[in-house]
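Here's the structure we're looking at; comments come further down.
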There are 2 protein chains.
Amino acid sequence: MPAKDVITAQPSAVPESDNGWDSLLQEISHRPKRATERKQDRSKRTEQQILTGALRVFARDGISRSRIADIAAEAGISASTLYEYYKSKEDLAYDLPLSHLAEFFEGYHVAAANKTTRERMLLYLVMSADYAREHAEWARLFYLEIWPSVFVTDTDLRHSINDFTRVLLFLVNEAIAEGWIARDRNIHETAALLTGGINQIIITWLLYRKPRNLTKAGTEMAERLIAVLEMEARAAR
Amino acid sequence: MPAKDVITAQPSAVPESDNGWDSLLQEISHRPKRATERKQDRSKRTEQQILTGALRVFARDGISRSRIADIAAEAGISASTLYEYYKSKEDLAYDLPLSHLAEFFEGYHVAAANKTTRERMLLYLVMSADYAREHAEWARLFYLEIWPSVFVTDTDLRHSINDFTRVLLFLVNEAIAEGWIARDRNIHETAALLTGGINQIIITWLLYRKPRNLTKAGTEMAERLIAVLEMEARAAR
DNA sequence: AATATTCACGAAGAAATTTCGGTTTGAATC
DNA sequence: GATTCAAACCGAAATTTCTTCGTGAATATT
């Protein structure tokens, strides 16, 4: 196992120039949310009511079983009015996760400032699990229906989903440069290991409410994942 | 980190009595497939045609977008006839994966005979990925639509899905007894790590056809996962 | 206050699922 | 091989849900 220039490694230093980090997070958390801009105040309220109602109904019944009529009722409007806002049920379902995702990335960007790469990676995984716990309805929709959907293509949403991996890939690359993740392993595989591990915990919690304490379980898994990658790197030297 | 009786560990021995292994696999691969038993030969053929047609249509359009009429046409029958076999579209969608799952478990049971626990675990992960590659339509339906579905509850299918984890848990317990997985880690967490890692690879392949060679990627990931667990165990000694 | 624009809704239309009654087909029995 | 009966099948109608459209009400603008 070759280890050419581990000499330049700086395991626990805060990246100086943040080469690309801020611009990446910037780009990701400012993806266009919605093209349409509502004119009247009433309308903005309605828009919000639709989003809230839809989230509840979708999370409860699943996208496929949810009825437009139910969502409209929940939002306190008529079914036909909903079509002034979204051109179809699917359109609504796929738009819903976006605002939350942006919020997550923004929160993460702030929380990750002035941290080492390792801390950032840990925080990313932990915050993912914790955000799912705090926004269980959203998480149910996102992790169980949207993420795996083959049909979310060429949209802002697919970009946002890919962003999740992009951040992780960035951190993996940094970690390799710093020398605490083995460079002889495929970076996508490493990212898949991290994403897979944490998502599995989240999904199991969403489906069965087990383990009870998602935050604790997520933290444990995150720490374990990173520890394991560090071991690999040490072994590869 | 305590390591009480690692003395009795037998890292690479074939389990003698197979305490529970065979009966577990036996049970899992013989879950009741269908309650209804068709009387006529013609009917059995039709049943098969429905399953084949449905798989193709579901994999292409997704459950929600698929139309009964299309499936019926694909199967060469009228839409109303389909209701003699399944009481709804959902019912059909959720019944589809069962036969394949049983087939997978049977194949695995045979392939895993006379192997060490470590080999069995590796084989399980590798075969999962490979089965998905060989049965891509089925895998698309299973991993992207059925598995994450909250609504598969209290059915044979939910049992079968849980079986996937049960096998893994069994192997993890064996490995702990043999001493090559750390006993101070939560077994469910360890299973989640394994499942999550391999599933992430499969899902990414299903969504993006990347990495190109799923068998190779699955094998690499499986080997890495197990190697990493072994490292953990060594470190815990 | 008059006017224009945005927003909301009920009713009608469209599309898909599901049920029903009657006909055809297959297999067992004589 | 004819008879009989249940199983399998289908077309048409009913039902459910999604979506469009025309019109009127609410809001903002002048």
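Simple scheme: letters A, B, ... for chains in structure tokens order, numbers from 1 for residues in each chain, numbers from 1 for ligands in the order shown.
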Identify, with DSSP run on backbone atoms, the residues in segment 95-153 of chain B assigned to helix (DSSP H, G or I), and express the list as a ChimeraX atom specification. /B:95-111,117-134,136-146
Using only C-alpha atoms (C1' of nucleotides), which protein or nucleic acid residues come within 12 Å of Ile161 of chain A? Drop anything in the same chain fewer than 2 positions from it, and give the result as a CSV table (one decimal) with C-alpha atoms, in the first residue's frame.
```
chain,number,residue,atom,x,y,z
A,28,ILE,CA,-26.2,24.3,-2.4
A,29,SER,CA,-28.2,26.2,0.1
A,31,ARG,CA,-30.7,26.7,-5.1
A,94,TYR,CA,-41.6,16.9,-5.3
A,97,PRO,CA,-38.8,18.7,0.3
A,98,LEU,CA,-36.9,21.5,-1.3
A,100,HIS,CA,-36.5,21.9,4.1
A,101,LEU,CA,-33.4,20.7,2.4
A,102,ALA,CA,-32.2,24.3,1.9
A,105,PHE,CA,-27.9,23.0,4.4
A,142,PHE,CA,-38.0,12.6,1.8
A,143,TYR,CA,-36.2,9.4,2.7
A,146,ILE,CA,-38.6,11.1,-2.8
A,147,TRP,CA,-35.0,10.0,-2.5
A,148,PRO,CA,-35.6,6.5,-3.9
A,149,SER,CA,-37.9,7.7,-6.6
A,152,VAL,CA,-37.3,12.6,-9.9
A,153,THR,CA,-35.2,13.5,-12.9
A,154,ASP,CA,-33.7,16.7,-14.3
A,155,THR,CA,-35.3,18.8,-11.6
A,156,ASP,CA,-34.1,21.0,-8.9
A,157,LEU,CA,-34.9,18.3,-6.5
A,158,ARG,CA,-32.6,15.7,-8.1
A,159,HIS,CA,-29.9,18.3,-7.8
A,163,ASP,CA,-25.9,17.8,-3.2
A,164,PHE,CA,-26.1,15.6,-0.2
A,165,THR,CA,-23.5,13.3,-1.7
A,166,ARG,CA,-21.4,16.2,-3.1
A,167,VAL,CA,-20.8,17.6,0.4
A,168,LEU,CA,-19.7,14.2,1.6
A,195,THR,CA,-24.3,7.7,3.5
B,204,THR,CA,-27.1,4.2,-6.6
B,207,LEU,CA,-30.8,5.1,-10.0
```
Interface residues on chain A facing chain D, 10 Å, only C-alpha atoms (C1' of nucleotides), written as a PDB file with C-alpha atoms, in the first residue's frame:
```pdb
ATOM      1  CA  LYS A  39     -48.502  38.795  -5.241  1.00  0.00           C
ATOM      2  CA  GLN A  40     -51.086  38.925  -2.503  1.00  0.00           C
ATOM      3  CA  ASP A  41     -50.608  38.280   1.182  1.00  0.00           C
ATOM      4  CA  ARG A  42     -53.624  36.030   1.252  1.00  0.00           C
ATOM      5  CA  ARG A  67     -55.951  12.547  -2.250  1.00  0.00           C
ATOM      6  CA  ILE A  68     -55.867  16.063  -3.527  1.00  0.00           C
ATOM      7  CA  ALA A  69     -59.227  16.612  -1.863  1.00  0.00           C
ATOM      8  CA  ALA A  79     -59.388  21.184  -4.556  1.00  0.00           C
ATOM      9  CA  SER A  80     -59.457  23.283  -7.684  1.00  0.00           C
ATOM     10  CA  TYR A  83     -54.205  23.748  -9.048  1.00  0.00           C
ATOM     11  CA  LYS A  87     -49.895  21.770 -11.642  1.00  0.00           C
ATOM     12  CA  SER A  88     -50.283  18.273 -10.245  1.00  0.00           C
ATOM     13  CA  LYS A  89     -50.090  16.148  -7.161  1.00  0.00           C
TER      14      LYS A  89
END
```
Each residue of chain B lying at most 7 Å from chain A should get a row with its shortest atom-to-atom pair and the distance in Å to one decimal, counting only C-alpha atoms; could you produce that, ordered by chain and increasing number, as a tab-separated table?
```
residue	atom	partner	partner_atom	distance
B:Ser64	CA	A:Ser64	CA	5.8
B:Leu144	CA	A:Pro148	CA	5.0
B:Pro148	CA	A:Leu144	CA	5.0
B:Ser149	CA	A:Leu144	CA	6.5
B:Val150	CA	A:Leu207	CA	6.2
B:Ala192	CA	A:Gln200	CA	5.9
B:Leu193	CA	A:Gly197	CA	4.7
B:Gly196	CA	A:Gly196	CA	4.1
B:Gly197	CA	A:Gly196	CA	4.7
B:Asn199	CA	A:Gly196	CA	7.0
B:Gln200	CA	A:Gly196	CA	5.0
B:Ile201	CA	A:Ala192	CA	6.5
B:Leu207	CA	A:Val150	CA	6.1
B:Val228	CA	A:Val228	CA	6.4
```
Expressed in Å to a single decimal, how great is the separation between atom CA of Asp22 of chain A and atom CA of Ala111 of chain A?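 Going from atom CA of Asp22 of chain A over to atom CA of Ala111 of chain A, I get 12.3 Å.
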Restrict the distance test to only C-alpha atoms (C1' of nucleotides), flag each residue of chain C within 10 Å of chain A, and return the flagged residues as a list in words.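 Written out as asked, the residues are DT5, DT6, DC7, DA8, DC9 and DG10 of chain C.
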By how many Å are atom CA of His109 of chain A and atom CA of Gln26 of chain A apart?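 For atom CA of His109 of chain A relative to atom CA of Gln26 of chain A, the distance reads 8.1 Å.
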What does the distance between atom CA of Asp130 of chain B and atom CA of Trp205 of chain B come to in Å, to one decimal place? 11.4 Å
